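Source file target21.pdb; content: PDB, C-alpha atoms, pLDDT in the B column.
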```pdb
ATOM      1  CA  PRO Z   1     -23.133 -68.568  67.603  1.00 92.00           C
ATOM      2  CA  VAL Z   2     -23.119 -65.598  65.242  1.00 92.00           C
ATOM      3  CA  VAL Z   3     -24.057 -65.081  61.594  1.00 93.00           C
ATOM      4  CA  ASP Z   4     -22.964 -61.764  60.095  1.00 92.00           C
ATOM      5  CA  LEU Z   5     -25.140 -60.096  57.431  1.00 91.00           C
ATOM      6  CA  ALA Z   6     -22.597 -57.427  56.486  1.00 84.00           C
ATOM      7  CA  LEU Z   7     -18.877 -56.888  55.934  1.00 77.00           C
ATOM      8  CA  ARG Z   8     -18.481 -53.903  58.218  1.00 74.00           C
ATOM      9  CA  HIS Z   9     -16.025 -55.863  60.345  1.00 76.00           C
ATOM     10  CA  PRO Z  10     -14.144 -58.170  57.946  1.00 76.00           C
ATOM     11  CA  GLU Z  11     -11.648 -58.989  60.692  1.00 81.00           C
ATOM     12  CA  LEU Z  12     -14.325 -61.009  62.520  1.00 82.00           C
ATOM     13  CA  ARG Z  13     -14.164 -64.666  61.519  1.00 85.00           C
ATOM     14  CA  THR Z  14     -17.844 -65.465  61.594  1.00 91.00           C
ATOM     15  CA  PRO Z  15     -19.987 -67.126  58.921  1.00 94.00           C
ATOM     16  CA  ARG Z  16     -21.588 -64.560  56.643  1.00 93.00           C
ATOM     17  CA  VAL Z  17     -24.745 -64.489  54.567  1.00 95.00           C
ATOM     18  CA  LEU Z  18     -24.654 -61.585  52.100  1.00 93.00           C
ATOM     19  CA  VAL Z  19     -26.683 -60.203  49.236  1.00 93.00           C
ATOM     20  CA  ASP Z  20     -24.788 -60.793  45.992  1.00 95.00           C
ATOM     21  CA  GLY Z  21     -23.763 -57.245  45.080  1.00 94.00           C
ATOM     22  CA  TYR Z  22     -21.980 -58.297  41.913  1.00 96.00           C
ATOM     23  CA  ALA Z  23     -25.133 -60.017  40.612  1.00 97.00           C
ATOM     24  CA  ILE Z  24     -27.156 -56.889  41.437  1.00 97.00           C
ATOM     25  CA  GLY Z  25     -24.796 -54.761  39.328  1.00 97.00           C
ATOM     26  CA  GLU Z  26     -25.032 -57.262  36.459  1.00 98.00           C
ATOM     27  CA  LEU Z  27     -28.822 -57.196  36.623  1.00 98.00           C
ATOM     28  CA  ALA Z  28     -28.919 -53.377  36.573  1.00 98.00           C
ATOM     29  CA  ALA Z  29     -26.645 -53.225  33.525  1.00 98.00           C
ATOM     30  CA  ARG Z  30     -28.574 -55.903  31.613  1.00 98.00           C
ATOM     31  CA  HIS Z  31     -31.864 -54.144  32.353  1.00 98.00           C
ATOM     32  CA  LEU Z  32     -30.597 -50.877  30.837  1.00 98.00           C
ATOM     33  CA  LEU Z  33     -28.834 -52.569  27.915  1.00 97.00           C
ATOM     34  CA  GLU Z  34     -32.015 -54.474  27.026  1.00 96.00           C
ATOM     35  CA  ARG Z  35     -33.772 -51.117  26.719  1.00 96.00           C
ATOM     36  CA  GLY Z  36     -31.288 -49.963  24.115  1.00 94.00           C
ATOM     37  CA  PHE Z  37     -29.067 -47.757  26.267  1.00 95.00           C
ATOM     38  CA  ARG Z  38     -25.494 -47.423  25.031  1.00 94.00           C
ATOM     39  CA  HIS Z  39     -24.468 -44.538  27.296  1.00 96.00           C
ATOM     40  CA  LEU Z  40     -24.430 -45.869  30.838  1.00 97.00           C
ATOM     41  CA  ALA Z  41     -23.281 -44.456  34.151  1.00 96.00           C
ATOM     42  CA  CYS Z  42     -23.044 -45.600  37.733  1.00 94.00           C
ATOM     43  CA  PHE Z  43     -23.296 -43.345  40.789  1.00 88.00           C
ATOM     44  CA  ARG Z  44     -21.399 -44.625  43.821  1.00 83.00           C
ATOM     45  CA  PHE Z  45     -21.926 -42.836  47.111  1.00 78.00           C
ATOM     46  CA  ARG Z  46     -19.389 -44.401  49.446  1.00 71.00           C
ATOM     47  CA  ASN Z  47     -16.772 -47.140  49.447  1.00 69.00           C
ATOM     48  CA  LEU Z  48     -19.075 -49.539  51.251  1.00 71.00           C
ATOM     49  CA  TRP Z  49     -18.572 -53.227  50.475  1.00 72.00           C
ATOM     50  CA  GLN Z  50     -21.988 -53.612  48.844  1.00 78.00           C
ATOM     51  CA  GLU Z  51     -21.487 -50.569  46.618  1.00 86.00           C
ATOM     52  CA  VAL Z  52     -18.093 -51.746  45.406  1.00 88.00           C
ATOM     53  CA  GLY Z  53     -19.557 -55.143  44.457  1.00 91.00           C
ATOM     54  CA  ARG Z  54     -22.535 -53.564  42.686  1.00 94.00           C
ATOM     55  CA  GLU Z  55     -20.337 -51.163  40.745  1.00 95.00           C
ATOM     56  CA  THR Z  56     -17.973 -53.964  39.692  1.00 95.00           C
ATOM     57  CA  GLY Z  57     -20.831 -56.136  38.414  1.00 97.00           C
ATOM     58  CA  PHE Z  58     -22.303 -53.188  36.511  1.00 98.00           C
ATOM     59  CA  VAL Z  59     -18.992 -52.137  34.944  1.00 97.00           C
ATOM     60  CA  ASP Z  60     -18.015 -55.680  33.904  1.00 98.00           C
ATOM     61  CA  THR Z  61     -21.394 -56.302  32.262  1.00 98.00           C
ATOM     62  CA  VAL Z  62     -21.395 -52.985  30.372  1.00 98.00           C
ATOM     63  CA  ARG Z  63     -17.843 -53.590  29.120  1.00 97.00           C
ATOM     64  CA  LYS Z  64     -18.706 -57.122  27.996  1.00 98.00           C
ATOM     65  CA  ALA Z  65     -21.467 -55.534  25.891  1.00 97.00           C
ATOM     66  CA  GLY Z  66     -18.844 -53.340  24.192  1.00 97.00           C
ATOM     67  CA  HIS Z  67     -19.479 -50.028  25.968  1.00 97.00           C
ATOM     68  CA  GLU Z  68     -17.522 -47.945  28.464  1.00 96.00           C
ATOM     69  CA  PRO Z  69     -19.507 -46.836  31.527  1.00 97.00           C
ATOM     70  CA  THR Z  70     -19.029 -43.507  33.248  1.00 95.00           C
ATOM     71  CA  LEU Z  71     -18.283 -43.794  36.964  1.00 93.00           C
ATOM     72  CA  LEU Z  72     -19.495 -40.989  39.189  1.00 88.00           C
ATOM     73  CA  GLN Z  73     -18.839 -40.315  42.860  1.00 81.00           C
ATOM     74  CA  TRP Z  74     -21.430 -38.630  45.059  1.00 74.00           C
ATOM     75  CA  SER Z  75     -20.143 -35.468  46.763  1.00 63.00           C
ATOM     76  CA  PHE Z  76     -22.229 -35.662  49.943  1.00 59.00           C
ATOM     77  CA  PRO Z  77     -24.626 -32.718  49.607  1.00 55.00           C
ATOM     78  CA  VAL Z  78     -25.961 -30.926  52.658  1.00 54.00           C
ATOM     79  CA  PRO Z  79     -29.562 -32.084  53.234  1.00 53.00           C
ATOM     80  CA  GLY Z  80     -32.098 -29.344  52.601  1.00 53.00           C
ATOM     81  CA  HIS Z  81     -29.605 -26.890  51.102  1.00 54.00           C
ATOM     82  CA  PRO Z  82     -30.850 -25.526  47.736  1.00 51.00           C
ATOM     83  CA  ASN Z  83     -27.455 -25.997  46.061  1.00 58.00           C
ATOM     84  CA  SER Z  84     -26.827 -29.449  47.511  1.00 60.00           C
ATOM     85  CA  PHE Z  85     -27.215 -31.291  44.223  1.00 70.00           C
ATOM     86  CA  ARG Z  86     -25.708 -28.715  41.845  1.00 76.00           C
ATOM     87  CA  ARG Z  87     -22.507 -30.709  41.250  1.00 78.00           C
ATOM     88  CA  GLU Z  88     -24.365 -33.971  40.665  1.00 80.00           C
ATOM     89  CA  ILE Z  89     -26.790 -32.346  38.223  1.00 83.00           C
ATOM     90  CA  ALA Z  90     -23.907 -30.650  36.372  1.00 85.00           C
ATOM     91  CA  LYS Z  91     -22.111 -33.982  35.992  1.00 86.00           C
ATOM     92  CA  LEU Z  92     -25.228 -35.646  34.633  1.00 89.00           C
ATOM     93  CA  GLN Z  93     -26.033 -32.793  32.233  1.00 90.00           C
ATOM     94  CA  LYS Z  94     -22.614 -33.153  30.586  1.00 92.00           C
ATOM     95  CA  LEU Z  95     -23.040 -36.851  29.802  1.00 94.00           C
ATOM     96  CA  PRO Z  96     -24.407 -37.993  26.411  1.00 94.00           C
ATOM     97  CA  LYS Z  97     -28.121 -38.733  26.252  1.00 93.00           C
ATOM     98  CA  PRO Z  98     -30.139 -40.840  26.427  1.00 93.00           C
ATOM     99  CA  LEU Z  99     -28.360 -42.107  29.534  1.00 96.00           C
ATOM    100  CA  GLY Z 100     -28.973 -45.216  31.603  1.00 97.00           C
ATOM    101  CA  LEU Z 101     -28.080 -44.462  35.234  1.00 97.00           C
ATOM    102  CA  PHE Z 102     -27.514 -46.992  38.018  1.00 97.00           C
ATOM    103  CA  ILE Z 103     -27.810 -45.661  41.585  1.00 94.00           C
ATOM    104  CA  MET Z 104     -26.917 -47.872  44.527  1.00 90.00           C
ATOM    105  CA  HIS Z 105     -29.881 -47.323  46.880  1.00 90.00           C
ATOM    106  CA  ASP Z 106     -33.517 -46.258  46.529  1.00 91.00           C
ATOM    107  CA  HIS Z 107     -33.278 -43.542  49.183  1.00 86.00           C
ATOM    108  CA  GLN Z 108     -30.406 -41.905  47.296  1.00 84.00           C
ATOM    109  CA  THR Z 109     -32.448 -41.962  44.093  1.00 86.00           C
ATOM    110  CA  ASP Z 110     -35.282 -40.275  45.922  1.00 75.00           C
ATOM    111  CA  LEU Z 111     -32.934 -37.448  46.951  1.00 78.00           C
ATOM    112  CA  LEU Z 112     -31.768 -36.904  43.371  1.00 84.00           C
ATOM    113  CA  ILE Z 113     -34.969 -37.203  41.344  1.00 88.00           C
ATOM    114  CA  ARG Z 114     -36.500 -33.805  42.211  1.00 88.00           C
ATOM    115  CA  PRO Z 115     -33.354 -31.788  41.397  1.00 87.00           C
ATOM    116  CA  LEU Z 116     -33.104 -33.658  38.080  1.00 90.00           C
ATOM    117  CA  LEU Z 117     -36.674 -32.730  37.174  1.00 91.00           C
ATOM    118  CA  ASP Z 118     -36.172 -29.142  38.376  1.00 89.00           C
ATOM    119  CA  ALA Z 119     -33.155 -28.880  36.049  1.00 89.00           C
ATOM    120  CA  GLY Z 120     -35.343 -29.832  33.089  1.00 91.00           C
ATOM    121  CA  ILE Z 121     -33.984 -33.366  32.746  1.00 92.00           C
ATOM    122  CA  ASN Z 122     -36.670 -35.786  31.617  1.00 94.00           C
ATOM    123  CA  VAL Z 123     -36.877 -39.152  33.385  1.00 94.00           C
ATOM    124  CA  PRO Z 124     -36.840 -41.589  31.613  1.00 94.00           C
ATOM    125  CA  GLY Z 125     -36.522 -39.712  28.279  1.00 92.00           C
ATOM    126  CA  ASP Z 126     -33.115 -38.147  28.995  1.00 94.00           C
ATOM    127  CA  ILE Z 127     -31.982 -40.259  31.923  1.00 95.00           C
ATOM    128  CA  ALA Z 128     -33.458 -43.630  32.830  1.00 97.00           C
ATOM    129  CA  ILE Z 129     -32.800 -44.692  36.430  1.00 97.00           C
ATOM    130  CA  VAL Z 130     -32.545 -48.074  38.100  1.00 97.00           C
ATOM    131  CA  SER Z 131     -31.708 -48.421  41.786  1.00 96.00           C
ATOM    132  CA  VAL Z 132     -31.611 -51.114  44.475  1.00 96.00           C
ATOM    133  CA  ASN Z 133     -33.716 -52.351  47.430  1.00 95.00           C
ATOM    134  CA  ASN Z 134     -37.236 -52.116  45.968  1.00 96.00           C
ATOM    135  CA  ASP Z 135     -38.377 -49.926  48.848  1.00 94.00           C
ATOM    136  CA  GLU Z 136     -41.992 -49.524  47.760  1.00 93.00           C
ATOM    137  CA  LEU Z 137     -42.515 -46.320  49.743  1.00 92.00           C
ATOM    138  CA  ALA Z 138     -39.487 -44.628  48.138  1.00 91.00           C
ATOM    139  CA  CYS Z 139     -40.027 -46.069  44.642  1.00 94.00           C
ATOM    140  CA  ASP Z 140     -43.798 -45.806  44.193  1.00 95.00           C
ATOM    141  CA  PHE Z 141     -44.180 -42.349  45.729  1.00 93.00           C
ATOM    142  CA  SER Z 142     -41.247 -40.723  43.954  1.00 93.00           C
ATOM    143  CA  PRO Z 143     -42.240 -37.944  41.472  1.00 93.00           C
ATOM    144  CA  VAL Z 144     -41.262 -40.517  38.831  1.00 96.00           C
ATOM    145  CA  PRO Z 145     -41.772 -44.074  40.142  1.00 96.00           C
ATOM    146  CA  ILE Z 146     -38.351 -45.723  40.295  1.00 97.00           C
ATOM    147  CA  THR Z 147     -37.359 -49.067  38.803  1.00 97.00           C
ATOM    148  CA  SER Z 148     -35.513 -51.015  41.464  1.00 97.00           C
ATOM    149  CA  ILE Z 149     -33.798 -54.346  41.985  1.00 98.00           C
ATOM    150  CA  ASP Z 150     -35.273 -56.559  44.695  1.00 97.00           C
ATOM    151  CA  PRO Z 151     -32.227 -57.912  46.608  1.00 95.00           C
ATOM    152  CA  ASN Z 152     -34.310 -60.802  48.005  1.00 95.00           C
ATOM    153  CA  TRP Z 153     -34.230 -59.846  51.689  1.00 94.00           C
ATOM    154  CA  LEU Z 154     -36.621 -62.679  52.561  1.00 95.00           C
ATOM    155  CA  ALA Z 155     -34.260 -65.330  51.168  1.00 96.00           C
ATOM    156  CA  LEU Z 156     -31.360 -63.628  52.957  1.00 95.00           C
ATOM    157  CA  GLY Z 157     -33.226 -63.882  56.262  1.00 96.00           C
ATOM    158  CA  TRP Z 158     -34.094 -67.538  55.725  1.00 97.00           C
ATOM    159  CA  GLN Z 159     -30.527 -68.432  54.749  1.00 96.00           C
ATOM    160  CA  ALA Z 160     -29.131 -66.612  57.792  1.00 96.00           C
ATOM    161  CA  ALA Z 161     -31.653 -68.328  60.102  1.00 97.00           C
ATOM    162  CA  GLU Z 162     -30.831 -71.756  58.670  1.00 97.00           C
ATOM    163  CA  THR Z 163     -27.121 -71.117  59.095  1.00 97.00           C
ATOM    164  CA  LEU Z 164     -27.610 -69.932  62.680  1.00 97.00           C
ATOM    165  CA  ASP Z 165     -29.705 -73.024  63.415  1.00 97.00           C
ATOM    166  CA  ARG Z 166     -26.874 -75.236  62.150  1.00 96.00           C
ATOM    167  CA  LEU Z 167     -24.346 -73.437  64.345  1.00 96.00           C
ATOM    168  CA  MET Z 168     -26.593 -73.702  67.410  1.00 97.00           C
ATOM    169  CA  ASN Z 169     -26.815 -77.448  66.811  1.00 97.00           C
ATOM    170  CA  GLY Z 170     -23.023 -77.832  66.638  1.00 96.00           C
ATOM    171  CA  LEU Z 171     -22.822 -78.155  62.854  1.00 96.00           C
ATOM    172  CA  PRO Z 172     -20.512 -76.078  60.649  1.00 94.00           C
ATOM    173  CA  ALA Z 173     -21.801 -73.350  58.358  1.00 93.00           C
ATOM    174  CA  PRO Z 174     -22.244 -74.512  54.735  1.00 92.00           C
ATOM    175  CA  ALA Z 175     -19.543 -72.016  53.673  1.00 92.00           C
ATOM    176  CA  PRO Z 176     -17.634 -69.110  55.246  1.00 91.00           C
ATOM    177  CA  ILE Z 177     -19.562 -66.687  52.980  1.00 91.00           C
ATOM    178  CA  GLN Z 178     -22.909 -67.479  51.346  1.00 95.00           C
ATOM    179  CA  TYR Z 179     -24.188 -65.132  48.645  1.00 95.00           C
ATOM    180  CA  VAL Z 180     -27.919 -64.755  48.052  1.00 96.00           C
ATOM    181  CA  PRO Z 181     -28.824 -63.814  44.449  1.00 96.00           C
ATOM    182  CA  PRO Z 182     -31.206 -60.887  43.820  1.00 97.00           C
ATOM    183  CA  LYS Z 183     -34.857 -61.692  43.188  1.00 96.00           C
ATOM    184  CA  GLY Z 184     -35.143 -59.551  40.051  1.00 96.00           C
ATOM    185  CA  VAL Z 185     -35.934 -56.134  38.614  1.00 97.00           C
ATOM    186  CA  VAL Z 186     -39.223 -54.425  39.502  1.00 97.00           C
ATOM    187  CA  THR Z 187     -39.836 -52.163  36.501  1.00 96.00           C
ATOM    188  CA  ARG Z 188     -41.500 -48.810  37.052  1.00 97.00           C
ATOM    189  CA  VAL Z 189     -41.750 -45.588  35.040  1.00 96.00           C
ATOM    190  CA  SER Z 190     -38.089 -44.542  35.433  1.00 96.00           C
ATOM    191  CA  THR Z 191     -36.960 -47.176  32.887  1.00 96.00           C
ATOM    192  CA  ASP Z 192     -40.226 -47.661  31.000  1.00 93.00           C
ATOM    193  CA  ILE Z 193     -38.675 -46.734  27.675  1.00 91.00           C
ATOM    194  CA  PHE Z 194     -36.830 -48.240  24.732  1.00 89.00           C
ATOM    195  CA  THR Z 195     -34.207 -45.934  23.312  1.00 83.00           C
ATOM    196  CA  VAL Z 196     -32.752 -45.668  19.819  1.00 74.00           C
ATOM    197  CA  SER Z 197     -29.788 -43.645  18.588  1.00 66.00           C
ATOM    198  CA  ASP Z 198     -31.747 -41.738  15.933  1.00 68.00           C
ATOM    199  CA  PRO Z 199     -33.667 -38.792  17.526  1.00 66.00           C
TER     200      PRO Z 199
END
```

Give the structure from this file in structure tokens form.
Amino acid sequence: PVVDLALRHPELRTPRVLVDGYAIGELAARHLLERGFRHLACFRFRNLWQEVGRETGFVDTVRKAGHEPTLLQWSFPVPGHPNSFRREIAKLQKLPKPLGLFIMHDHQTDLLIRPLLDAGINVPGDIAIVSVNNDELACDFSPVPITSIDPNWLALGWQAAETLDRLMNGLPAPAPIQYVPPKGVVTRVSTDIFTVSDP
């Protein structure tokens, strides 16, 4: 018996327990909208299944609120190279401020935050950032502590274990794909702001 926790091999017909990427994107958008942001952007790094779902949830929620999000694609900088983030910083500098920015993973946020600060971009004054995974080491020890969505890994593990137990006892999985909703937003300094249009 097998329970898959990813979609890396969609051709395999095994029961799956997945984090609800669409709900994560919705939560990120609502968090930024509630803080008054009307200029919103989303940085996608790859075409991974979880990133596509997160981006879709974010975009749909922003559009339902009457705004048009900017979609950005990461250009795979060379780690440690001083010019690695030049293109990303240039893209962000051109966007209207204040900007609410959704980044797909905490470790990617951690790579970007120092170049943003070095370029004179204030976080959260110019760009407020929300990311995903609630990795306390990455979020709390960033130069600006990062607001992050807790995907609810514990619930994912329990749901996968329960499904595996059913399979091992000859019972069917509750559904071919089970989605676990995120636990919530853990707010830190990177979105600790309420923005208004009048400077």

ask   = Do you have the atom CA of Z:Leu117-atom CA of Z:Lys94 distance handy?
value =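 About the pair atom CA of Z:Leu117 and atom CA of Z:Lys94: they are 15.5 Å apart.
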
message = Measuring between all atoms listed in the file, which one of Z:Leu92, Z:Leu154, Z:His39, Z:Glu51 shows the shortest distance to Z:Glu68?
response = Z:His39

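One distance worth recording is that between atom CA of Z:Arg87 and atom CA of Z:Phe45, which is 13.5 Å.
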
inquiry  = If I take atom CA of Z:Gly36 and atom CA of Z:Asp60, how far is one from the other in Å, to one decimal?
reply    = 17.5 Å

request  = Could you tell me which of Z:Ile149, Z:Cys42, Z:Ile193, Z:Leu48 comes closest to Z:Asp126 if we count all atoms listed in the file?
outcome  = Z:Ile193

query = Which polymer residues have any atom within 12 Å of an atom of Z:Arg63, counting only C-alpha atoms, with same-chain residues fewer than 3 positions away left out, as a list of chain:residue names?
reply = Z:Glu26, Z:Ala29, Z:Arg30, Z:Leu33, Z:Arg38, Z:His39, Z:Leu40, Z:Ala41, Z:Thr56, Z:Gly57, Z:Phe58, Z:Val59, Z:Asp60, Z:Gly66, Z:His67, Z:Glu68, Z:Pro69, Z:Thr70

message = From the options Z:Gly21, Z:Gly157, Z:Trp49, Z:Leu27, which residue's atoms come nearest to Z:Arg8, counting all atoms listed in the file?
response =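 Smallest separation from Z:Arg8 among the options: Z:Trp49.
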
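The closest residue to Z:Pro98, picked from Z:Val196, Z:Leu137, Z:Ala23, Z:Leu5 and counting all atoms listed in the file, is Z:Val196.
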
Return as lines of an AutoDock Vina configuration file the centre and edge lengths, in Å with one decimal, of the box along x, y and z that encloses every atom of stretch 115-126 of chain Z in the file, padded by 6 Å per side.
```
center_x = -35.0
center_y = -35.2
center_z = 34.8
size_x = 15.8
size_y = 24.7
size_z = 25.1
```

inquiry  = Applying the PyMOL selection byres ((chain Z and resi 129) around 8) to the file I just gave you, which residues come out? Please list them as an MDAnalysis selection string.
reply    = chainID Z and resid 100:103 123:124 127:128 130:131 146:147 190:191

inquiry  = Excluding Z:Asp150 and its own-chain neighbours fewer than 3 positions away, which residues fall within 9 Å of it when counting all atoms listed in the file? Please give them as a PyMOL selection string.
reply    = chain Z and resi 24+132-135+153+182-186
